[in-house]
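**Q** Quick one: the structure is below, and I'll ask about it shortly.
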Amino acid sequence: MSGTPELVHPDLGDVALTDVLFALSDPARLQIVRDLVDGPLEMAQCGATNPALPKSTKSHLMKVLREAGLIRNEPHGRQRLVSLRRDEVDAAFPGLLDSVLGPR
């Protein structure tokens with residue numbers, strides 16, 4: 001039994017700004033990022049504002065955000081813990097998240 005697999009998280013130096021902007025352009029993905037601003041959540045809690053969202057759609061939303069370097073999705077026991085890569089994104093793209101997320 002191998003457990004929960006590790007996922008690849010790109011180095012933000014290898015991520016284009018257009019990929020990050022594309023990931024943030026979808027309202028459902030943007031809401032997930034907003035949900036993560038206050039701290040990590042278990043995968044089941046992300047997108048809880050729309051419980052009717054199919055699991056496959058939720059997985060795709062998370063994959064796009066992860067591949068754009070916006071989130072980390074890591075094993076946490078039998079669950080997955082999702083967190084915003086805020087410090088890394090701010091270092092690579094200063095002011096971007098503040099501009100997109102607006103005032104809190």
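Identifiers in this document derive from the order of the structure tokens: chains are assigned A, B, ..., residues are numbered from 1 separately in each chain, and ligands are numbered from 1 in order of occurrence.
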Which residues are close to A:Leu36, i.e. within 8 Å by only C-alpha atoms, leaving aside same-chain residues fewer than 3 positions away? Reply as a list in words.

**A**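 These residues fall inside the cut-off: Ile32, Val33, Gly39, Pro40, Leu41, Cys46, Val82, Ser83 and Leu84 of chain A.
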
**Q** Determine, counting only C-alpha atoms, which protein, DNA and RNA residues have an atom within 12 Å of an atom of A:Asn50; residues of the same chain fewer than 3 positions away are not included. Present the result as a list in words.

**A**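 Using only C-alpha atoms, the neighbours found are Pro27, Ala28, Arg29, Gln31, Ile32, Ala44, Gln45, Cys46, Gly47, Leu53, Pro54, Lys55, Thr57 and Lys58 of chain A.
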
**Q** Just the selected residues (C-alpha atoms), exported as a PDB file, in the first residue's frame, please.

**A**
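Written file, again.pdb:
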ATOM      1  CA  PRO A  27     -14.822  32.325 -10.759  1.00  0.00           C
ATOM      2  CA  ALA A  28     -14.747  28.876  -9.108  1.00  0.00           C
ATOM      3  CA  ARG A  29     -10.932  28.778  -9.016  1.00  0.00           C
ATOM      4  CA  GLN A  31     -13.195  31.454  -4.960  1.00  0.00           C
ATOM      5  CA  ILE A  32     -10.950  28.567  -3.926  1.00  0.00           C
ATOM      6  CA  ALA A  44     -13.155  18.432   1.157  1.00  0.00           C
ATOM      7  CA  GLN A  45     -13.560  21.953   2.586  1.00  0.00           C
ATOM      8  CA  CYS A  46     -12.370  23.757  -0.555  1.00  0.00           C
ATOM      9  CA  GLY A  47     -15.220  24.882  -2.730  1.00  0.00           C
ATOM     10  CA  LEU A  53     -19.787  20.632  -7.714  1.00  0.00           C
ATOM     11  CA  PRO A  54     -18.846  17.218  -9.152  1.00  0.00           C
ATOM     12  CA  LYS A  55     -15.669  15.662  -7.741  1.00  0.00           C
ATOM     13  CA  THR A  57     -14.695  19.255 -11.729  1.00  0.00           C
ATOM     14  CA  LYS A  58     -13.238  20.063  -8.319  1.00  0.00           C
TER      15      LYS A  58
END

**Q** I need the alpha helix (DSSP H) residues of chain A per DSSP on the backbone, written as a count of residues only.

**A** 44

**Q** DSSP on the backbone: which residues in stretch 3-99 of chain A end up as strand (DSSP E or B)? Give the answer as number ranges by chain.

**A** A: 41-42, 71-76, 79-84

**Q** May I have the residues from that selection written out with all heavy atoms, as a short mmCIF file (atom, residue, chain, number, x, y, z; two decimals), in the first residue's frame?

**A**
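Dumped everything to selection_25.cif:
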data_model
loop_
_atom_site.label_atom_id
_atom_site.label_comp_id
_atom_site.auth_asym_id
_atom_site.auth_seq_id
_atom_site.Cartn_x
_atom_site.Cartn_y
_atom_site.Cartn_z
N LEU A 41 -6.77 24.42 4.01
CA LEU A 41 -8.02 23.70 4.21
C LEU A 41 -7.84 22.27 3.71
O LEU A 41 -7.04 22.03 2.81
CB LEU A 41 -9.16 24.34 3.41
CG LEU A 41 -9.60 25.75 3.81
CD1 LEU A 41 -10.58 26.29 2.78
CD2 LEU A 41 -10.23 25.74 5.18
N GLU A 42 -8.61 21.36 4.27
CA GLU A 42 -8.64 20.02 3.70
C GLU A 42 -9.37 20.10 2.37
O GLU A 42 -10.25 20.93 2.18
CB GLU A 42 -9.32 19.05 4.65
CG GLU A 42 -8.49 18.75 5.87
CD GLU A 42 -9.10 17.68 6.76
OE1 GLU A 42 -10.24 17.26 6.51
OE2 GLU A 42 -8.40 17.28 7.71
N ILE A 71 -1.29 27.03 -5.58
CA ILE A 71 -1.60 26.25 -4.38
C ILE A 71 -0.66 25.07 -4.23
O ILE A 71 -0.02 24.65 -5.20
CB ILE A 71 -3.06 25.72 -4.39
CG1 ILE A 71 -3.28 24.72 -5.53
CG2 ILE A 71 -4.06 26.87 -4.44
CD1 ILE A 71 -4.60 23.95 -5.44
N ARG A 72 -0.60 24.58 -3.01
CA ARG A 72 0.05 23.30 -2.71
C ARG A 72 -1.07 22.34 -2.33
O ARG A 72 -2.01 22.72 -1.63
CB ARG A 72 1.01 23.41 -1.52
CG ARG A 72 2.28 24.09 -1.87
CD ARG A 72 3.39 23.72 -0.90
NE ARG A 72 4.61 24.37 -1.32
CZ ARG A 72 5.39 23.95 -2.31
NH1 ARG A 72 5.09 22.86 -2.96
NH2 ARG A 72 6.48 24.61 -2.63
N ASN A 73 -0.97 21.12 -2.79
CA ASN A 73 -1.95 20.08 -2.51
C ASN A 73 -1.15 18.87 -2.03
O ASN A 73 -0.56 18.15 -2.83
CB ASN A 73 -2.74 19.78 -3.78
CG ASN A 73 -3.88 18.82 -3.56
OD1 ASN A 73 -3.86 18.02 -2.63
ND2 ASN A 73 -4.87 18.88 -4.43
N GLU A 74 -1.12 18.69 -0.71
CA GLU A 74 -0.23 17.69 -0.14
C GLU A 74 -0.98 16.70 0.74
O GLU A 74 -2.00 17.03 1.33
CB GLU A 74 0.85 18.40 0.70
CG GLU A 74 1.69 19.34 -0.15
CD GLU A 74 2.68 20.14 0.64
OE1 GLU A 74 2.30 20.78 1.63
OE2 GLU A 74 3.86 20.13 0.25
N PRO A 75 -0.46 15.47 0.81
CA PRO A 75 -1.08 14.46 1.67
C PRO A 75 -1.09 14.92 3.12
O PRO A 75 -0.14 15.53 3.60
CB PRO A 75 -0.18 13.24 1.50
CG PRO A 75 0.63 13.48 0.30
CD PRO A 75 0.73 14.96 0.13
N HIS A 76 -2.19 14.61 3.80
CA HIS A 76 -2.34 14.95 5.21
C HIS A 76 -3.17 13.83 5.83
O HIS A 76 -4.40 13.90 5.85
CB HIS A 76 -3.03 16.30 5.35
CG HIS A 76 -3.19 16.77 6.76
ND1 HIS A 76 -2.13 17.20 7.53
CD2 HIS A 76 -4.28 16.87 7.55
CE1 HIS A 76 -2.57 17.55 8.71
NE2 HIS A 76 -3.88 17.36 8.76
N GLN A 79 -6.42 12.44 4.08
CA GLN A 79 -6.96 13.57 3.32
C GLN A 79 -5.84 14.25 2.55
O GLN A 79 -4.69 13.83 2.59
CB GLN A 79 -7.60 14.57 4.30
CG GLN A 79 -8.72 14.02 5.13
CD GLN A 79 -9.95 13.73 4.31
OE1 GLN A 79 -10.30 14.48 3.40
NE2 GLN A 79 -10.61 12.63 4.61
N ARG A 80 -6.20 15.34 1.89
CA ARG A 80 -5.22 16.20 1.24
C ARG A 80 -5.40 17.59 1.81
O ARG A 80 -6.52 18.06 1.99
CB ARG A 80 -5.41 16.20 -0.26
CG ARG A 80 -5.19 14.81 -0.87
CD ARG A 80 -4.96 14.87 -2.35
NE ARG A 80 -3.66 15.41 -2.68
CZ ARG A 80 -2.54 14.69 -2.73
NH1 ARG A 80 -2.55 13.43 -2.45
NH2 ARG A 80 -1.40 15.26 -3.04
N LEU A 81 -4.29 18.26 2.11
CA LEU A 81 -4.32 19.61 2.64
C LEU A 81 -3.93 20.57 1.52
O LEU A 81 -2.90 20.39 0.87
CB LEU A 81 -3.35 19.73 3.81
CG LEU A 81 -3.45 21.00 4.64
CD1 LEU A 81 -4.82 21.05 5.34
CD2 LEU A 81 -2.35 21.04 5.68
N VAL A 82 -4.77 21.56 1.30
CA VAL A 82 -4.56 22.52 0.23
C VAL A 82 -4.22 23.87 0.86
O VAL A 82 -4.92 24.33 1.77
CB VAL A 82 -5.82 22.65 -0.66
CG1 VAL A 82 -5.58 23.63 -1.79
CG2 VAL A 82 -6.23 21.29 -1.21
N SER A 83 -3.14 24.49 0.36
CA SER A 83 -2.74 25.79 0.90
C SER A 83 -2.33 26.72 -0.23
O SER A 83 -1.87 26.28 -1.29
CB SER A 83 -1.59 25.63 1.89
OG SER A 83 -0.48 25.01 1.26
N LEU A 84 -2.52 28.00 0.01
CA LEU A 84 -2.14 29.04 -0.94
C LEU A 84 -0.64 29.28 -0.80
O LEU A 84 -0.13 29.42 0.32
CB LEU A 84 -2.93 30.31 -0.63
CG LEU A 84 -2.71 31.51 -1.54
CD1 LEU A 84 -3.12 31.19 -2.97
CD2 LEU A 84 -3.54 32.70 -1.03
#

**Q** Could you tell me how far atom CA of A:Asp35 sits from atom CA of A:Val64, in Å to one decimal place?

**A** 16.0 Å

**Q** Identify which of the residues A:Leu21, A:Ala52, A:Val37, A:Val100 lies closest to A:Arg85, counting only C-alpha atoms when measuring atom-to-atom distances.

**A** A:Val37

**Q** I want to know what sits within 10 Å of A:Leu30, based on only C-alpha atoms, with residues of the same chain fewer than 6 positions away left out; could you give that as a ChimeraX atom specification?

**A** /A:23-24,36,61,65,100-101

**Q** Save out the residues we just selected, N, CA and C atoms, as a PDB file, in the first residue's frame.

**A**
ATOM      1  N   ALA A  23      -5.450  30.875 -14.511  1.00  0.00           N
ATOM      2  CA  ALA A  23      -5.963  30.098 -13.379  1.00  0.00           C
ATOM      3  C   ALA A  23      -6.901  30.942 -12.518  1.00  0.00           C
ATOM      4  N   LEU A  24      -6.604  32.218 -12.376  1.00  0.00           N
ATOM      5  CA  LEU A  24      -7.426  33.105 -11.558  1.00  0.00           C
ATOM      6  C   LEU A  24      -8.645  33.647 -12.298  1.00  0.00           C
ATOM      7  N   LEU A  36      -8.653  30.103   0.620  1.00  0.00           N
ATOM      8  CA  LEU A  36      -7.365  29.689   1.174  1.00  0.00           C
ATOM      9  C   LEU A  36      -6.545  30.834   1.762  1.00  0.00           C
ATOM     10  N   LEU A  61     -10.252  21.825 -11.179  1.00  0.00           N
ATOM     11  CA  LEU A  61      -9.999  23.184 -10.687  1.00  0.00           C
ATOM     12  C   LEU A  61      -8.716  23.216  -9.867  1.00  0.00           C
ATOM     13  N   LEU A  65      -5.012  25.208 -10.616  1.00  0.00           N
ATOM     14  CA  LEU A  65      -4.401  26.096  -9.624  1.00  0.00           C
ATOM     15  C   LEU A  65      -3.019  25.606  -9.205  1.00  0.00           C
ATOM     16  N   VAL A 100      -5.838  41.104  -7.419  1.00  0.00           N
ATOM     17  CA  VAL A 100      -6.913  40.211  -7.855  1.00  0.00           C
ATOM     18  C   VAL A 100      -7.910  39.947  -6.729  1.00  0.00           C
ATOM     19  N   LEU A 101      -7.414  39.758  -5.527  1.00  0.00           N
ATOM     20  CA  LEU A 101      -8.287  39.418  -4.409  1.00  0.00           C
ATOM     21  C   LEU A 101      -8.970  40.640  -3.804  1.00  0.00           C
TER      22      LEU A 101
END
